[in-house]
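In what follows, a structure is listed as structure tokens, so that the remarks can point back to it.
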Amino acid sequence: MAGLSSNRKQRSKTTGLKRTAKEQLSQSVQQRKRKHRDPHLDLHQSRDEVNPKMMGGVHSSKVICETSQSTTPSLELWKASDGMSSETLAEAYGLGIKKTPTMLASHNDKVNHGLSSGIDIGKYVAIDCEMVGIGPGGHQSALARVSLVDFHGRQLYDSFVKQKEKVTDWRSSISGVSPRDMRFARQFEDVQNEVFSLINGRVLVGHDLRHDLDALKLTHPPKDVRDTAKHQTFKKYSHGRKPALRILARELLGVEIQQGPHSSTEDARVTMLLFRKHKSQFDIDHANRYLSKTIPIKAKDLKKSNQKISCL
């Protein structure tokens with residue numbers, strides 16, 4: 001029995017030594033590989049250490065869920081990309097219009113909030129106004145609310161506007177504005193100045209912008225205007241006339257708007273979405289009208305230009 005016990009102990013020691021030797025050899029090989037491996041692999045290794053892999057489909061589901069929450073290009077990416085605007089990044093990486101329902105969501109909107117803070121506005125802004133009726137029969141229009149959003153649909157400004165004349169028709173079923181809203185409305189001159197500061201030097205997007213600018217008593221350089229009511233391609237939806245915004249939203253975006261009282265913030269977002277979805281066509285029209293007087297720019301030329309951008 002003593003001999004058997006001694007043999008078992010000897011085998012146990014031998015097995016332990018073999019296991020230790022194998023572990024040491026494995027560690028040595030791994031260390032050598034690390035010295036000669038591609039630095040890019042080290043980057044992936046560090047990412048795996050921060051986010052350890054999970055087995056099965058659970059890991060994949062988690063990644064998809066996290067990805068779907070991103071609705072706009074990161075502003076940090078914008079700032080780190082040699083001064084490229086967030087709009088250019090969105091176009092170059094094909095982020096133009098992937099999250100229509102998310103962008104239209106209004107749960108973060110703040111009615112009559114005035115200027116929003118903490119937003120890098122960028123090159124493009126969209127505007128929409130709501131009117132009330134003044135004068136005999138309420139046939140004349142006066143500005144009652146104005147809203148602006150940025151390229152990504154974020155609210156930049158929203159305000160009710162006090163009336164200098166007696167309102168004879170509130171048009172509440174359409175405008176969504178009532179006498180109660182005037183209690184905290186801002187003076188016209190204040191709203192006018194704030195809107196001007198937002199649109200000055202930027203490309204202004206809107207639907208039938210002439211009425212909005214007239215109500216604000218402002219002008220804007222024609223070369224910096226993108227009007228979805230005048231876009232030639234859109235006129236086929238209204239037999240050659242100016243199409244209604246709700247028609248364009250239904251036909252081109254697949255969303256229903258203006259089912260009840262209008263929201264100027266929602267209408268501004270829809271207008272920006274229409275512009276983003278058809279931005280290349282707007283760019284061609286703009287280039288042919290203002291940039292090239294002799295050689296018309298074609299879609300294939302613009303496509304080549306966009307390909308160069310996407311390679312940056």
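Residue numbering restarts at 1 in every chain; chains get A, B, ... in the order shown in the structure tokens, and ligands count up from 1 in that same order.
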Surrounding residues of Leu148 (chain A) excluding itself and chain neighbours under 2 positions, 6 Å, only C-alpha atoms, as a ChimeraX atom specification = /A:126-127,156-157
request  = List every residue of region 182-268 of chain A that DSSP, applied to the backbone of this structure, assigns to strand (DSSP E), and report them as JSON, numbers by chain.
outcome  = {"A": [203, 204, 205, 206, 225, 226, 227]}
Could you take the residues named above and write them with N, CA and C atoms, as a PDB file, in the first residue's frame?
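To be explicit, this is the file written out as result-v5.pdb:
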```
ATOM      1  N   VAL A 203     -28.005  79.064 -44.572  1.00  0.00           N
ATOM      2  CA  VAL A 203     -28.966  78.648 -45.594  1.00  0.00           C
ATOM      3  C   VAL A 203     -30.306  78.414 -44.910  1.00  0.00           C
ATOM      4  N   LEU A 204     -31.329  79.101 -45.403  1.00  0.00           N
ATOM      5  CA  LEU A 204     -32.653  79.040 -44.790  1.00  0.00           C
ATOM      6  C   LEU A 204     -33.546  78.087 -45.580  1.00  0.00           C
ATOM      7  N   VAL A 205     -34.075  77.090 -44.899  1.00  0.00           N
ATOM      8  CA  VAL A 205     -34.956  76.091 -45.500  1.00  0.00           C
ATOM      9  C   VAL A 205     -36.375  76.341 -45.007  1.00  0.00           C
ATOM     10  N   GLY A 206     -37.341  76.270 -45.916  1.00  0.00           N
ATOM     11  CA  GLY A 206     -38.727  76.474 -45.519  1.00  0.00           C
ATOM     12  C   GLY A 206     -39.683  76.089 -46.622  1.00  0.00           C
ATOM     13  N   VAL A 225     -31.510  80.499 -49.928  1.00  0.00           N
ATOM     14  CA  VAL A 225     -32.865  80.020 -49.652  1.00  0.00           C
ATOM     15  C   VAL A 225     -33.077  78.675 -50.338  1.00  0.00           C
ATOM     16  N   ARG A 226     -33.682  77.731 -49.615  1.00  0.00           N
ATOM     17  CA  ARG A 226     -34.096  76.449 -50.189  1.00  0.00           C
ATOM     18  C   ARG A 226     -35.581  76.277 -49.851  1.00  0.00           C
ATOM     19  N   ASP A 227     -36.431  76.474 -50.851  1.00  0.00           N
ATOM     20  CA  ASP A 227     -37.879  76.485 -50.637  1.00  0.00           C
ATOM     21  C   ASP A 227     -38.494  75.209 -51.200  1.00  0.00           C
TER      22      ASP A 227
END
```
Selected residue of minimal separation from His286 (chain A) among A:Arg250, A:Arg183, A:His231, A:Lys217, counting only C-alpha atoms =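 Closest to His286 (chain A), using only C-alpha atoms: A:His231.
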key: Best match for closeness to Ile134 (chain A) among A:Asp169, A:Phe196, A:Pro222, A:Val255, counting only C-alpha atoms   =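 Smallest distance to Ile134 (chain A) is found for A:Asp169.
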query = DSSP on the backbone: what in region 202-292 of chain A comes out helix (DSSP H, G or I), as a count of residues only?
reply = 54
query = Could you pull the residues within 12 Å of Val125 (chain A), counting only C-alpha atoms, minus those fewer than 4 positions along the same chain, as a ChimeraX atom specification?
reply = /A:87,120-121,147-157,195-206,224-227,265,268-269,271-273,275-276
Minimum-distance residue to Asp285 (chain A), chosen among A:Thr233, A:Ala144, A:Gly122, A:Arg171 (using only C-alpha atoms) =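 Closest candidate: A:Thr233.
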task = Would you work out the distance separating CA of Lys162 (chain A) from CA of Ser141 (chain A), expressed in Å to one decimal?
result =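 Atom-to-atom, CA of Lys162 (chain A) and CA of Ser141 (chain A) are spaced 13.3 Å apart.
Among the candidates A:Lys164, A:Arg186, A:His139, A:His207, the residue lying nearest to Leu115 (chain A) is A:Arg186 (atoms considered: only C-alpha atoms).
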